[in-house]
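Undergrad: The structure file data-v3.cif (mmCIF, N, CA and C atoms) is provided below.
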```
data_upload
#
loop_
_atom_site.label_atom_id
_atom_site.label_comp_id
_atom_site.auth_asym_id
_atom_site.auth_seq_id
_atom_site.Cartn_x
_atom_site.Cartn_y
_atom_site.Cartn_z
N MET A 1 112.94 85.87 41.58
CA MET A 1 111.77 85.18 42.12
C MET A 1 110.61 85.28 41.14
N LYS A 2 109.93 84.19 40.95
CA LYS A 2 108.81 84.12 40.03
C LYS A 2 107.56 84.73 40.66
N GLU A 3 106.84 85.55 39.87
CA GLU A 3 105.60 86.13 40.37
C GLU A 3 104.50 85.09 40.36
N LYS A 4 103.55 85.24 41.28
CA LYS A 4 102.42 84.33 41.37
C LYS A 4 101.50 84.53 40.18
N ILE A 5 101.19 83.46 39.51
CA ILE A 5 100.28 83.51 38.37
C ILE A 5 98.85 83.46 38.89
N THR A 6 98.00 84.33 38.36
CA THR A 6 96.60 84.35 38.78
C THR A 6 95.72 83.73 37.70
N TYR A 7 94.55 83.32 38.10
CA TYR A 7 93.61 82.73 37.15
C TYR A 7 93.20 83.75 36.08
N GLU A 8 93.06 85.01 36.47
CA GLU A 8 92.66 86.05 35.52
C GLU A 8 93.69 86.23 34.40
N GLN A 9 94.96 86.01 34.71
CA GLN A 9 96.02 86.15 33.71
C GLN A 9 95.99 85.03 32.66
N ILE A 10 95.51 83.87 33.06
CA ILE A 10 95.52 82.74 32.13
C ILE A 10 94.13 82.40 31.59
N LYS A 11 93.13 83.02 32.12
CA LYS A 11 91.75 82.74 31.70
C LYS A 11 91.56 82.81 30.18
N PRO A 12 92.15 83.79 29.47
CA PRO A 12 91.97 83.83 28.02
C PRO A 12 92.60 82.62 27.29
N LEU A 13 93.50 81.91 27.95
CA LEU A 13 94.17 80.77 27.33
C LEU A 13 93.42 79.46 27.55
N VAL A 14 92.54 79.42 28.55
CA VAL A 14 91.86 78.19 28.90
C VAL A 14 90.82 77.86 27.83
N GLN A 15 91.11 76.81 27.07
CA GLN A 15 90.22 76.41 25.99
C GLN A 15 89.25 75.33 26.44
N TYR A 16 89.76 74.40 27.25
CA TYR A 16 88.95 73.24 27.64
C TYR A 16 89.51 72.68 28.94
N VAL A 17 88.61 72.31 29.87
CA VAL A 17 89.02 71.68 31.13
C VAL A 17 88.13 70.46 31.35
N GLU A 18 88.76 69.35 31.62
CA GLU A 18 88.03 68.12 31.89
C GLU A 18 88.48 67.57 33.24
N ILE A 19 87.50 67.33 34.12
CA ILE A 19 87.79 66.75 35.43
C ILE A 19 87.19 65.36 35.44
N THR A 20 88.06 64.36 35.53
CA THR A 20 87.64 62.97 35.56
C THR A 20 88.18 62.35 36.82
N SER A 21 87.29 61.99 37.72
CA SER A 21 87.70 61.43 39.00
C SER A 21 88.63 62.43 39.71
N ASP A 22 89.90 62.11 39.80
CA ASP A 22 90.85 62.99 40.49
C ASP A 22 91.78 63.72 39.52
N ILE A 23 91.60 63.52 38.24
CA ILE A 23 92.50 64.09 37.23
C ILE A 23 91.87 65.34 36.59
N VAL A 24 92.67 66.40 36.52
CA VAL A 24 92.24 67.62 35.85
C VAL A 24 93.11 67.79 34.62
N GLN A 25 92.47 67.78 33.46
CA GLN A 25 93.19 67.94 32.20
C GLN A 25 92.81 69.31 31.63
N CYS A 26 93.83 70.16 31.44
CA CYS A 26 93.61 71.53 30.97
C CYS A 26 94.23 71.72 29.59
N HIS A 27 93.45 72.26 28.69
CA HIS A 27 93.94 72.58 27.35
C HIS A 27 94.08 74.10 27.27
N PHE A 28 95.30 74.54 27.07
CA PHE A 28 95.58 75.97 26.96
C PHE A 28 95.87 76.29 25.49
N HIS A 29 95.26 77.33 24.99
CA HIS A 29 95.44 77.71 23.59
C HIS A 29 95.88 79.17 23.52
N CYS A 30 97.02 79.41 22.89
CA CYS A 30 97.50 80.77 22.69
C CYS A 30 96.92 81.28 21.37
N PRO A 31 96.01 82.27 21.43
CA PRO A 31 95.40 82.77 20.20
C PRO A 31 96.38 83.56 19.33
N ILE A 32 97.43 84.09 19.92
CA ILE A 32 98.40 84.90 19.18
C ILE A 32 99.27 84.00 18.29
N LYS A 33 99.79 82.91 18.86
CA LYS A 33 100.68 82.01 18.11
C LYS A 33 99.95 80.76 17.61
N SER A 34 98.66 80.65 17.94
CA SER A 34 97.85 79.50 17.55
C SER A 34 98.49 78.17 17.97
N LYS A 35 98.91 78.12 19.23
CA LYS A 35 99.57 76.94 19.80
C LYS A 35 98.73 76.40 20.95
N LYS A 36 98.56 75.08 21.00
CA LYS A 36 97.78 74.44 22.05
C LYS A 36 98.68 73.53 22.87
N ILE A 37 98.57 73.62 24.21
CA ILE A 37 99.35 72.78 25.11
C ILE A 37 98.41 72.21 26.17
N VAL A 38 98.62 70.95 26.51
CA VAL A 38 97.80 70.26 27.50
C VAL A 38 98.63 70.04 28.76
N ALA A 39 98.02 70.32 29.91
CA ALA A 39 98.68 70.07 31.20
C ALA A 39 97.71 69.28 32.09
N ILE A 40 98.26 68.42 32.92
CA ILE A 40 97.44 67.56 33.78
C ILE A 40 97.91 67.69 35.22
N THR A 41 96.95 67.68 36.14
CA THR A 41 97.25 67.69 37.58
C THR A 41 96.17 66.91 38.32
N ARG A 42 96.34 66.77 39.61
CA ARG A 42 95.36 66.07 40.44
C ARG A 42 94.43 67.08 41.11
N PHE A 43 93.14 66.79 41.11
CA PHE A 43 92.15 67.67 41.72
C PHE A 43 92.22 67.59 43.25
N SER A 44 92.63 66.45 43.78
CA SER A 44 92.66 66.26 45.24
C SER A 44 93.63 67.21 45.93
N LYS A 45 94.59 67.77 45.20
CA LYS A 45 95.52 68.73 45.79
C LYS A 45 94.81 70.00 46.23
N PHE A 46 93.61 70.23 45.70
CA PHE A 46 92.90 71.48 45.95
C PHE A 46 91.61 71.28 46.71
N SER A 47 91.38 70.08 47.24
CA SER A 47 90.19 69.84 48.04
C SER A 47 90.52 70.11 49.51
N GLU A 48 89.50 70.12 50.31
CA GLU A 48 89.66 70.40 51.73
C GLU A 48 90.56 69.34 52.38
N PRO A 49 91.47 69.77 53.26
CA PRO A 49 92.34 68.79 53.92
C PRO A 49 91.54 67.90 54.87
N ILE A 50 91.96 66.65 54.94
CA ILE A 50 91.30 65.69 55.82
C ILE A 50 92.00 65.72 57.17
N SER A 51 91.21 65.90 58.22
CA SER A 51 91.81 65.96 59.55
C SER A 51 92.24 64.57 59.99
N PRO A 52 93.24 64.50 60.87
CA PRO A 52 93.70 63.19 61.33
C PRO A 52 92.61 62.46 62.11
N ARG A 53 92.66 61.15 62.10
CA ARG A 53 91.64 60.35 62.80
C ARG A 53 91.73 60.57 64.30
N ARG A 54 90.58 60.64 64.91
CA ARG A 54 90.50 60.76 66.36
C ARG A 54 89.95 59.44 66.90
N SER A 55 90.05 59.28 68.19
CA SER A 55 89.51 58.06 68.77
C SER A 55 87.99 58.02 68.54
N HIS A 56 87.44 56.83 68.55
CA HIS A 56 86.01 56.67 68.28
C HIS A 56 85.18 57.44 69.29
N PHE A 57 85.56 57.38 70.56
CA PHE A 57 84.80 58.06 71.60
C PHE A 57 84.79 59.57 71.37
N THR A 58 85.96 60.15 71.11
CA THR A 58 86.05 61.60 70.87
C THR A 58 85.24 61.98 69.64
N PHE A 59 85.35 61.21 68.59
CA PHE A 59 84.63 61.49 67.36
C PHE A 59 83.12 61.41 67.60
N SER A 60 82.70 60.36 68.31
CA SER A 60 81.28 60.15 68.57
C SER A 60 80.71 61.28 69.44
N LEU A 61 81.44 61.66 70.48
CA LEU A 61 81.00 62.74 71.36
C LEU A 61 80.92 64.06 70.61
N LYS A 62 81.93 64.33 69.82
CA LYS A 62 81.95 65.56 69.04
C LYS A 62 80.82 65.58 68.03
N SER A 63 80.59 64.49 67.34
CA SER A 63 79.53 64.41 66.34
C SER A 63 78.16 64.60 66.97
N THR A 64 77.94 63.94 68.08
CA THR A 64 76.64 64.05 68.76
C THR A 64 76.40 65.47 69.23
N THR A 65 77.41 66.06 69.85
CA THR A 65 77.28 67.43 70.35
C THR A 65 77.04 68.41 69.22
N LEU A 66 77.82 68.29 68.15
CA LEU A 66 77.65 69.18 67.01
C LEU A 66 76.29 69.01 66.36
N PHE A 67 75.82 67.77 66.27
CA PHE A 67 74.51 67.54 65.67
C PHE A 67 73.42 68.22 66.49
N LYS A 68 73.49 68.10 67.81
CA LYS A 68 72.47 68.73 68.66
C LYS A 68 72.55 70.25 68.58
N LEU A 69 73.76 70.79 68.58
CA LEU A 69 73.91 72.24 68.46
C LEU A 69 73.42 72.74 67.10
N LYS A 70 73.75 72.01 66.08
CA LYS A 70 73.32 72.40 64.74
C LYS A 70 71.80 72.38 64.65
N LYS A 71 71.19 71.35 65.19
CA LYS A 71 69.74 71.24 65.16
C LYS A 71 69.10 72.40 65.94
N TYR A 72 69.70 72.75 67.08
CA TYR A 72 69.16 73.81 67.93
C TYR A 72 69.31 75.18 67.28
N PHE A 73 70.49 75.45 66.70
CA PHE A 73 70.76 76.78 66.15
C PHE A 73 70.55 76.89 64.64
N SER A 74 70.04 75.86 64.03
CA SER A 74 69.97 75.86 62.56
C SER A 74 69.21 77.05 61.99
N SER A 75 68.23 77.53 62.68
CA SER A 75 67.48 78.67 62.16
C SER A 75 68.21 79.98 62.36
N TYR A 76 69.25 80.00 63.20
CA TYR A 76 69.97 81.23 63.51
C TYR A 76 71.32 81.36 62.82
N LEU A 77 71.88 80.25 62.45
CA LEU A 77 73.23 80.27 61.88
C LEU A 77 73.21 80.19 60.36
N LYS A 78 74.09 80.94 59.73
CA LYS A 78 74.30 80.80 58.30
C LYS A 78 75.29 79.67 58.10
N PRO A 79 75.09 78.88 57.08
CA PRO A 79 76.04 77.78 56.87
C PRO A 79 77.41 78.31 56.46
N VAL A 80 78.44 77.65 56.96
CA VAL A 80 79.80 77.99 56.60
C VAL A 80 80.13 77.23 55.32
N VAL A 81 80.46 77.95 54.27
CA VAL A 81 80.72 77.33 52.99
C VAL A 81 82.22 77.10 52.85
N PRO A 82 82.64 75.84 52.68
CA PRO A 82 84.06 75.59 52.46
C PRO A 82 84.46 76.11 51.09
N GLN A 83 85.72 76.00 50.79
CA GLN A 83 86.22 76.47 49.50
C GLN A 83 85.33 75.87 48.39
N THR A 84 84.81 76.72 47.54
CA THR A 84 83.87 76.27 46.53
C THR A 84 84.56 75.40 45.48
N HIS A 85 83.74 74.61 44.84
CA HIS A 85 84.24 73.74 43.77
C HIS A 85 84.85 74.58 42.66
N GLU A 86 84.24 75.72 42.36
CA GLU A 86 84.75 76.59 41.29
C GLU A 86 86.13 77.14 41.64
N LEU A 87 86.33 77.53 42.90
CA LEU A 87 87.64 78.04 43.33
C LEU A 87 88.69 76.93 43.29
N GLN A 88 88.30 75.74 43.69
CA GLN A 88 89.22 74.60 43.61
C GLN A 88 89.60 74.33 42.15
N LYS A 89 88.63 74.43 41.28
CA LYS A 89 88.88 74.21 39.86
C LYS A 89 89.85 75.27 39.31
N GLU A 90 89.63 76.53 39.67
CA GLU A 90 90.53 77.60 39.23
C GLU A 90 91.94 77.39 39.74
N ASN A 91 92.06 76.99 41.01
CA ASN A 91 93.39 76.73 41.58
C ASN A 91 94.08 75.57 40.87
N ALA A 92 93.32 74.55 40.50
CA ALA A 92 93.89 73.42 39.77
C ALA A 92 94.36 73.85 38.38
N ILE A 93 93.59 74.72 37.74
CA ILE A 93 93.96 75.21 36.41
C ILE A 93 95.24 76.03 36.49
N VAL A 94 95.34 76.89 37.50
CA VAL A 94 96.55 77.70 37.68
C VAL A 94 97.75 76.79 37.94
N TYR A 95 97.58 75.79 38.79
CA TYR A 95 98.67 74.86 39.10
C TYR A 95 99.11 74.11 37.84
N ALA A 96 98.15 73.66 37.04
CA ALA A 96 98.49 72.97 35.79
C ALA A 96 99.24 73.90 34.85
N PHE A 97 98.81 75.16 34.79
CA PHE A 97 99.50 76.11 33.92
C PHE A 97 100.92 76.37 34.41
N GLU A 98 101.10 76.44 35.73
CA GLU A 98 102.44 76.67 36.28
C GLU A 98 103.42 75.58 35.86
N LYS A 99 102.91 74.36 35.66
CA LYS A 99 103.77 73.25 35.23
C LYS A 99 104.33 73.47 33.83
N ILE A 100 103.63 74.26 32.99
CA ILE A 100 104.07 74.50 31.62
C ILE A 100 104.38 75.98 31.37
N SER A 101 104.40 76.76 32.42
CA SER A 101 104.54 78.22 32.29
C SER A 101 105.88 78.66 31.67
N ASP A 102 106.88 77.80 31.72
CA ASP A 102 108.17 78.17 31.11
C ASP A 102 108.06 78.31 29.59
N ARG A 103 106.98 77.84 29.02
CA ARG A 103 106.76 77.96 27.57
C ARG A 103 106.01 79.25 27.19
N PHE A 104 105.64 80.01 28.21
CA PHE A 104 104.85 81.23 27.98
C PHE A 104 105.55 82.44 28.57
N ILE A 105 105.19 83.59 28.08
CA ILE A 105 105.68 84.86 28.61
C ILE A 105 104.47 85.80 28.72
N TYR A 106 104.45 86.59 29.80
CA TYR A 106 103.33 87.50 29.99
C TYR A 106 103.46 88.70 29.05
N SER A 107 102.38 89.01 28.34
CA SER A 107 102.37 90.13 27.39
C SER A 107 101.54 91.28 27.97
N ASP A 108 102.20 92.41 28.22
CA ASP A 108 101.47 93.59 28.70
C ASP A 108 100.50 94.10 27.65
N GLU A 109 100.88 93.93 26.40
CA GLU A 109 100.03 94.38 25.30
C GLU A 109 98.70 93.61 25.26
N HIS A 110 98.78 92.29 25.45
CA HIS A 110 97.58 91.45 25.38
C HIS A 110 96.93 91.20 26.74
N LYS A 111 97.62 91.55 27.80
CA LYS A 111 97.15 91.36 29.17
C LYS A 111 96.91 89.89 29.54
N HIS A 112 97.65 89.00 28.91
CA HIS A 112 97.63 87.59 29.27
C HIS A 112 98.92 86.94 28.75
N PHE A 113 99.11 85.68 29.06
CA PHE A 113 100.32 84.98 28.64
C PHE A 113 100.25 84.63 27.16
N VAL A 114 101.42 84.62 26.52
CA VAL A 114 101.55 84.31 25.10
C VAL A 114 102.64 83.24 24.96
N TYR A 115 102.40 82.28 24.08
CA TYR A 115 103.39 81.23 23.81
C TYR A 115 104.66 81.89 23.26
N LYS A 116 105.82 81.53 23.79
CA LYS A 116 107.04 82.27 23.44
C LYS A 116 107.95 81.58 22.43
N PHE A 117 107.65 80.38 21.99
CA PHE A 117 108.56 79.71 21.05
C PHE A 117 108.09 79.83 19.63
#
```
Output the structure of this file as structure tokens.
TA:
Amino acid sequence: MKEKITYEQIKPLVQYVEITSDIVQCHFHCPIKSKKIVAITRFSKFSEPISPRRSHFTFSLKSTTLFKLKKYFSSYLKPVVPQTHELQKENAIVYAFEKISDRFIYSDEHKHFVYKF
């Protein structure tokens, strides 16, 4: 069974990340072997899930009620922060790396992945 790759393990390899619309392009550079590999994934895989559509009446009632409650309790409640953009970005980078991870091996000596070919 393959171990879960963490962002901290691949962070030293991340040379450049570009997010354009829904595409995440990651450039990984192995400083030991001086090898660069590019991986691409979709950013939408790591955004908040969209709930299924509800009837207009249910949605309208829920929205109105929530708006009134939010307005009433706004000074007492801390806002609930969904998964941050930075965490989504890190998850996308890890996922992109997993797509090319067969080309790397984890080095205990360097404490990060190293290009193996």
Undergrad: Need the shell around Val114 of chain A: protein/DNA/RNA residues with any atom at most 9 Å away, counting only C-alpha atoms. Skip same-chain ones fewer than 2 positions apart. Format as a VMD selection string?
TA: chain A and resid 13 30 to 33 103 to 107 110 112 116
Undergrad: Provide the atom C of Lys89 of chain A to atom N of Glu109 of chain A distance in Å, to one decimal place.
TA: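 If I compute the distance from atom C of Lys89 of chain A to atom N of Glu109 of chain A, I get 25.2 Å.
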Undergrad: Pick from A:Val24, A:His29, A:Tyr95, A:Ile100: nearest to Arg42 of chain A, with all atoms listed in the file counted?
TA: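 Among A:Val24, A:His29, A:Tyr95, A:Ile100, it is A:Val24 that comes nearest to Arg42 of chain A.
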Undergrad: Rounded to one decimal, what separation in Å do you get between atom CA of Gln25 of chain A and atom CA of Lys4 of chain A?
TA: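 One can read the atom CA of Gln25 of chain A to atom CA of Lys4 of chain A distance as 20.9 Å.
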Undergrad: Mind pulling up the distance from atom N of Asp22 of chain A to atom N of Leu87 of chain A?
TA: 16.1 Å
Undergrad: Enclose segment 20-24 of chain A, meaning all of its atoms listed in the file, in a box aligned along x, y and z, pad it by 6 Å on each side, and list the centre and edge lengths in Å to one decimal, as AutoDock Vina command-line options.
TA:
```
--center_x 90.2 --center_y 64.6 --center_z 37.6 --size_x 17.8 --size_y 18.4 --size_z 17.9
```
Undergrad: Kindly resolve the PyMOL selection byres ((chain A and resi 15) around 7) on the present coordinates and return the residues as a PyMOL selection string.
TA: chain A and resi 11-14+16-17+26-29
Undergrad: Between A:Thr84, A:Ser34, A:Ser21, A:Thr41, single out the one closest to Glu98 of chain A, counting only C-alpha atoms.
TA: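 Comparing A:Thr84, A:Ser34, A:Ser21, A:Thr41 against Glu98 of chain A, the winner is A:Thr41.
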Undergrad: Quick one: residues within 9 Å of segment 6-8 of chain A, only C-alpha atoms counted, chain neighbours fewer than 5 positions away excluded, as a ChimeraX atom specification?
TA: /A:90-91,93-94,112
Undergrad: My list of candidates is A:Gln9, A:Ala96, A:Ala39, A:Glu3. Which is closest to Asp108 of chain A when distances are computed with only C-alpha atoms?
TA: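 Selected residue with least distance to Asp108 of chain A: A:Gln9.
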Undergrad: Nearest residue to Ile19 of chain A out of A:Phe117, A:Ile5, A:Phe43, A:Lys35, using all atoms listed in the file?
TA: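 Result for the nearest residue to Ile19 of chain A: A:Phe43.
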